[in-house]
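Heads up, the thing below is written out as structure tokens.
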Amino acid sequence: MQSQNLINVITEELPNLNKSESKVAGVILSDPEAATQSSIANLAARAGVSEPSVNRFCKRFNASGFPDFKLKLAMSLASGVRFVSRSVDPQDDVSSYTPKIIESTISNLALVRDSISHSQVDKVVDKLIQAKRIYFFGLGASGAVARDAENKFFRFNLPVSSHEDVLMQRMLASTGTTGDVFFIISHTGRTKEIVEIARIARENGSTVIGLTAANSPLAEFSSVALDIDIPENTDEYMPMSSRIVHLVILDVLATGVTLRRGSDFLPHLEKIKSSLKPTRYKTENTQ
């Protein structure tokens, strides 16, 4: 019987991994090819864990050590089965691909839940609370996330806008000042235009928050980087669960800002909610 693809096995096991194991899995699944070429020291540094933790991770997946694990990983890549494609096979029908996509998203959310830095979340909330103006930038699928962020954060009685046009982003970054926050969303953090915009904003004294992959070029140019490693290869496949994870992270940040504002701010939020009531039909149980 053919052995199961290692990438599939790691992905399916994500909900059962501890925090250190989740970090190692995130680095490996985000770029399996790079992992096959990495030293154990480099991979441990990227994951933010110790080398013994990497070795324990390898042994969990029936490898004798890191070299043996890399060999098994390389064989999995050579088989032609990629991370996202493992969720859906060409012969799948609706009863197969529907739960596969949902389960893949749940696994990635669990991975981020267990690996996200609470202190970094707190730092980002600090920056958002202190902002005089917030710009949300994203391209492609991240542009949709940026629009959703604008919809959430305008409620906090701050000038907020979202932008997907690169030229507009560049002009706004070049005119940014101290007190302006540029919240830049990018799954890979490797898009040249978005990294250049982050650099321009930083040079003008603005704060740049990157919602992106750890150790990416965007993360390096960010004042505060919220590192979210999601094992989804968007270089080859369309963004799916990465977009959902970013939306959830923005819910977390919006909740953090709401709680920081305190109970005195609730009447303002209630006023916004109440403004929508005349636009909706009443439910049957509404008196």
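In the structure tokens, chains take the letters A, B, ... in the order shown, each chain's residues start at 1, and ligands count up from 1 in the order shown.
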
Per-residue nearest contacts of region 135-245 of chain A to region 47-66 of chain A (12 Å; only C-alpha atoms) as JSON lines:
{"residue": "A:Ala213", "atom": "CA", "partner": "A:Ala47", "partner_atom": "CA", "distance": 11.4}
{"residue": "A:Ala214", "atom": "CA", "partner": "A:Ala47", "partner_atom": "CA", "distance": 8.8}
{"residue": "A:Asn215", "atom": "CA", "partner": "A:Ala47", "partner_atom": "CA", "distance": 10.0}
{"residue": "A:Asp227", "atom": "CA", "partner": "A:Ala47", "partner_atom": "CA", "distance": 10.9}
{"residue": "A:Ile228", "atom": "CA", "partner": "A:Ala47", "partner_atom": "CA", "distance": 11.5}
{"residue": "A:Asp229", "atom": "CA", "partner": "A:Ala47", "partner_atom": "CA", "distance": 9.6}

Could you give me, as an mmCIF file with C-alpha atoms, in the first residue's frame, the residues within 7 Å of Glu150 (chain A), counting only C-alpha atoms and dropping anything in the same chain fewer than 5 positions from it?
data_model
loop_
_atom_site.group_PDB
_atom_site.id
_atom_site.type_symbol
_atom_site.label_atom_id
_atom_site.label_comp_id
_atom_site.auth_asym_id
_atom_site.auth_seq_id
_atom_site.Cartn_x
_atom_site.Cartn_y
_atom_site.Cartn_z
ATOM 1 C CA PHE A 136 -5.985 49.550 5.465
ATOM 2 C CA VAL A 160 -10.495 55.085 8.475
ATOM 3 C CA SER A 161 -10.220 54.100 4.823
ATOM 4 C CA SER A 162 -9.235 51.093 2.737
#

Selection: 10 Å around region 218-220 of chain A, only C-alpha atoms, excl. self and same-chain fewer than 2 positions, as a CSV table (one decimal) with N, CA and C atoms, in the first residue's frame:
chain,number,residue,atom,x,y,z
A,184,ILE,N,-1.1,47.1,6.7
A,184,ILE,CA,-0.9,46.4,5.4
A,184,ILE,C,-1.1,44.9,5.5
A,185,ILE,N,-2.0,44.4,4.7
A,185,ILE,CA,-2.3,42.9,4.8
A,185,ILE,C,-1.8,42.2,3.5
A,186,SER,N,-1.0,41.2,3.8
A,186,SER,CA,-0.4,40.4,2.7
A,186,SER,C,0.0,39.0,3.2
A,187,HIS,N,-0.6,38.0,2.7
A,187,HIS,CA,-0.4,36.6,3.1
A,187,HIS,C,1.1,36.3,3.0
A,188,THR,N,1.7,36.6,1.8
A,188,THR,CA,3.1,36.2,1.6
A,188,THR,C,4.0,37.3,2.1
A,189,GLY,N,3.6,38.5,2.0
A,189,GLY,CA,4.6,39.6,2.4
A,189,GLY,C,5.7,39.8,1.4
A,190,ARG,N,5.5,39.3,0.2
A,190,ARG,CA,6.6,39.3,-0.8
A,190,ARG,C,6.2,40.1,-2.0
A,191,THR,N,5.1,40.8,-2.0
A,191,THR,CA,4.7,41.6,-3.2
A,191,THR,C,5.5,42.9,-3.2
A,192,LYS,N,6.2,43.1,-4.2
A,192,LYS,CA,7.2,44.2,-4.3
A,192,LYS,C,6.5,45.6,-4.0
A,194,ILE,N,3.8,46.4,-2.4
A,194,ILE,CA,3.3,46.6,-1.1
A,194,ILE,C,4.4,46.8,-0.1
A,195,VAL,N,5.5,46.1,-0.3
A,195,VAL,CA,6.7,46.3,0.5
A,195,VAL,C,7.3,47.7,0.3
A,196,GLU,N,7.3,48.1,-0.9
A,196,GLU,CA,7.8,49.5,-1.2
A,196,GLU,C,6.9,50.5,-0.5
A,197,ILE,N,5.6,50.3,-0.5
A,197,ILE,CA,4.7,51.3,0.1
A,197,ILE,C,5.0,51.3,1.6
A,198,ALA,N,5.2,50.1,2.2
A,198,ALA,CA,5.6,50.1,3.7
A,198,ALA,C,6.8,50.9,4.0
A,199,ARG,N,7.8,50.7,3.1
A,199,ARG,CA,9.1,51.5,3.3
A,199,ARG,C,8.8,53.0,3.2
A,208,VAL,N,3.6,51.5,10.6
A,208,VAL,CA,3.2,50.4,9.7
A,208,VAL,C,3.0,49.1,10.4
A,209,ILE,N,1.8,48.6,10.3
A,209,ILE,CA,1.4,47.3,10.9
A,209,ILE,C,1.3,46.3,9.8
A,210,GLY,N,2.1,45.2,9.9
A,210,GLY,CA,2.0,44.2,8.8
A,210,GLY,C,1.3,43.0,9.4
A,211,LEU,N,0.2,42.6,8.7
A,211,LEU,CA,-0.5,41.3,8.9
A,211,LEU,C,0.0,40.4,7.8
A,212,THR,N,1.0,39.6,8.2
A,212,THR,CA,1.8,38.9,7.1
A,212,THR,C,2.5,37.7,7.6
A,213,ALA,N,3.3,37.1,6.8
A,213,ALA,CA,4.1,35.9,7.2
A,213,ALA,C,5.3,36.4,7.9
A,214,ALA,N,5.8,35.5,8.9
A,214,ALA,CA,7.0,35.8,9.7
A,214,ALA,C,8.2,35.9,8.8
A,215,ASN,N,9.1,36.8,9.1
A,215,ASN,CA,10.4,37.0,8.4
A,215,ASN,C,10.2,37.3,6.9
A,216,SER,N,9.0,37.8,6.5
A,216,SER,CA,8.8,38.3,5.1
A,216,SER,C,9.4,39.7,4.9
A,222,SER,N,7.9,46.6,8.7
A,222,SER,CA,6.8,47.0,9.6
A,222,SER,C,7.3,47.5,10.9
A,223,SER,N,6.6,48.5,11.4
A,223,SER,CA,6.8,48.9,12.8
A,223,SER,C,6.5,47.8,13.8
A,224,VAL,N,5.4,47.2,13.5
A,224,VAL,CA,4.9,46.0,14.3
A,224,VAL,C,4.4,45.0,13.3
A,225,ALA,N,4.9,43.8,13.4
A,225,ALA,CA,4.4,42.7,12.5
A,225,ALA,C,3.6,41.7,13.3
A,226,LEU,N,2.4,41.4,12.8
A,226,LEU,CA,1.6,40.4,13.4
A,226,LEU,C,1.9,39.2,12.5
A,227,ASP,N,2.8,38.3,12.9
A,227,ASP,CA,3.2,37.2,12.1
A,227,ASP,C,2.1,36.1,12.1

Expressed in Å to a single decimal, how great is the separation between CA of Thr105 (chain A) and CA of Met240 (chain A)? 8.0 Å

Distance table requested - region 83-131 of chain A against region 13-30 of chain A, cut-off 9 Å, only C-alpha atoms: one row per qualifying residue with the closest atom pair and its distance in Å to one decimal, ordered by chain and rising residue number, as JSON lines.
{"residue": "A:Phe83", "atom": "CA", "partner": "A:Leu29", "partner_atom": "CA", "distance": 7.3}
{"residue": "A:Ile106", "atom": "CA", "partner": "A:Pro15", "partner_atom": "CA", "distance": 8.6}
{"residue": "A:Ser107", "atom": "CA", "partner": "A:Pro15", "partner_atom": "CA", "distance": 6.0}
{"residue": "A:Asn108", "atom": "CA", "partner": "A:Leu14", "partner_atom": "CA", "distance": 7.8}
{"residue": "A:Ala110", "atom": "CA", "partner": "A:Pro15", "partner_atom": "CA", "distance": 5.9}
{"residue": "A:Leu111", "atom": "CA", "partner": "A:Ser22", "partner_atom": "CA", "distance": 6.0}
{"residue": "A:Val112", "atom": "CA", "partner": "A:Ser22", "partner_atom": "CA", "distance": 8.3}
{"residue": "A:Asp114", "atom": "CA", "partner": "A:Lys19", "partner_atom": "CA", "distance": 5.6}
{"residue": "A:Ser115", "atom": "CA", "partner": "A:Lys19", "partner_atom": "CA", "distance": 5.9}

For the residues selected in the previous step, produce a file with N, CA and C atoms as a PDB file, in the first residue's frame.
ATOM      1  N   PHE A  83       0.056  21.074  -0.943  1.00  0.00           N
ATOM      2  CA  PHE A  83      -0.744  21.277   0.268  1.00  0.00           C
ATOM      3  C   PHE A  83      -2.201  21.560  -0.022  1.00  0.00           C
ATOM      4  N   ILE A 106     -10.674  25.056   9.212  1.00  0.00           N
ATOM      5  CA  ILE A 106     -10.698  24.862  10.665  1.00  0.00           C
ATOM      6  C   ILE A 106      -9.299  24.522  11.177  1.00  0.00           C
ATOM      7  N   SER A 107      -8.573  23.682  10.444  1.00  0.00           N
ATOM      8  CA  SER A 107      -7.218  23.300  10.857  1.00  0.00           C
ATOM      9  C   SER A 107      -6.292  24.502  10.889  1.00  0.00           C
ATOM     10  N   ASN A 108      -6.410  25.365   9.882  1.00  0.00           N
ATOM     11  CA  ASN A 108      -5.548  26.543   9.844  1.00  0.00           C
ATOM     12  C   ASN A 108      -5.899  27.536  10.949  1.00  0.00           C
ATOM     13  N   ALA A 110      -7.079  26.681  13.852  1.00  0.00           N
ATOM     14  CA  ALA A 110      -6.537  26.076  15.075  1.00  0.00           C
ATOM     15  C   ALA A 110      -5.027  26.282  15.166  1.00  0.00           C
ATOM     16  N   LEU A 111      -4.344  26.192  14.026  1.00  0.00           N
ATOM     17  CA  LEU A 111      -2.895  26.412  13.999  1.00  0.00           C
ATOM     18  C   LEU A 111      -2.558  27.828  14.450  1.00  0.00           C
ATOM     19  N   VAL A 112      -3.276  28.810  13.918  1.00  0.00           N
ATOM     20  CA  VAL A 112      -3.020  30.203  14.284  1.00  0.00           C
ATOM     21  C   VAL A 112      -3.411  30.457  15.732  1.00  0.00           C
ATOM     22  N   ASP A 114      -3.146  28.527  18.198  1.00  0.00           N
ATOM     23  CA  ASP A 114      -2.142  27.968  19.104  1.00  0.00           C
ATOM     24  C   ASP A 114      -0.772  28.619  18.955  1.00  0.00           C
ATOM     25  N   SER A 115      -0.540  29.352  17.863  1.00  0.00           N
ATOM     26  CA  SER A 115       0.797  29.883  17.628  1.00  0.00           C
ATOM     27  C   SER A 115       0.878  31.410  17.667  1.00  0.00           C
TER      28      SER A 115
END

Run DSSP on the backbone of this structure and report the residues of region 28-71 of chain A it assigns to alpha helix (DSSP H), as a ChimeraX atom specification. /A:28-30,32-37,40-47,51-60,66-71

Close residues, region 168-178 of chain A itself excluded, 8 Å, only C-alpha atoms, min 4 positions apart in chain, as a VMD selection string: chain A and resid 137 163 to 164 182 197 to 198 200 to 201 204 to 207

Once you count only C-alpha atoms, what closest atom pair and distance in Å to one decimal does each residue of region 116-149 of chain A within 7 Å of region 241-247 of chain A have, with rows by chain and rising residue number, as CSV?
residue,atom,partner,partner_atom,distance
A:Ala141,CA,A:Arg243,CA,6.8
A:Ser142,CA,A:Arg243,CA,6.9
A:Val145,CA,A:Leu247,CA,6.1

Using DSSP on the backbone coordinates, identify all residues within region 32-270 of chain A classified as strand (DSSP E); present the result as a PDB file with C-alpha atoms, in the first residue's frame.
ATOM      1  CA  ARG A 133      -5.972  57.972  11.139  1.00  0.00           C
ATOM      2  CA  ILE A 134      -5.896  54.364   9.908  1.00  0.00           C
ATOM      3  CA  TYR A 135      -5.353  53.203   6.327  1.00  0.00           C
ATOM      4  CA  PHE A 136      -5.985  49.550   5.465  1.00  0.00           C
ATOM      5  CA  PHE A 137      -4.055  48.396   2.386  1.00  0.00           C
ATOM      6  CA  GLY A 138      -4.274  45.098   0.537  1.00  0.00           C
ATOM      7  CA  VAL A 160     -10.495  55.085   8.475  1.00  0.00           C
ATOM      8  CA  SER A 161     -10.220  54.100   4.823  1.00  0.00           C
ATOM      9  CA  SER A 162      -9.235  51.093   2.737  1.00  0.00           C
ATOM     10  CA  HIS A 163      -7.396  51.165  -0.583  1.00  0.00           C
ATOM     11  CA  ASP A 180      -1.016  57.828  10.813  1.00  0.00           C
ATOM     12  CA  VAL A 181      -1.216  54.027  10.878  1.00  0.00           C
ATOM     13  CA  PHE A 182      -0.852  52.030   7.676  1.00  0.00           C
ATOM     14  CA  PHE A 183      -2.228  48.537   8.266  1.00  0.00           C
ATOM     15  CA  ILE A 184      -0.928  46.423   5.401  1.00  0.00           C
ATOM     16  CA  ILE A 185      -2.327  42.943   4.753  1.00  0.00           C
ATOM     17  CA  THR A 207       3.420  53.514  11.849  1.00  0.00           C
ATOM     18  CA  VAL A 208       3.217  50.421   9.661  1.00  0.00           C
ATOM     19  CA  ILE A 209       1.427  47.317  10.929  1.00  0.00           C
ATOM     20  CA  GLY A 210       1.984  44.206   8.846  1.00  0.00           C
ATOM     21  CA  LEU A 211      -0.475  41.327   8.926  1.00  0.00           C
ATOM     22  CA  THR A 212       1.758  38.907   7.103  1.00  0.00           C
ATOM     23  CA  VAL A 224       4.910  46.025  14.325  1.00  0.00           C
ATOM     24  CA  ALA A 225       4.432  42.738  12.497  1.00  0.00           C
ATOM     25  CA  LEU A 226       1.635  40.378  13.401  1.00  0.00           C
ATOM     26  CA  ASP A 227       3.205  37.175  12.117  1.00  0.00           C
TER      27      ASP A 227
END
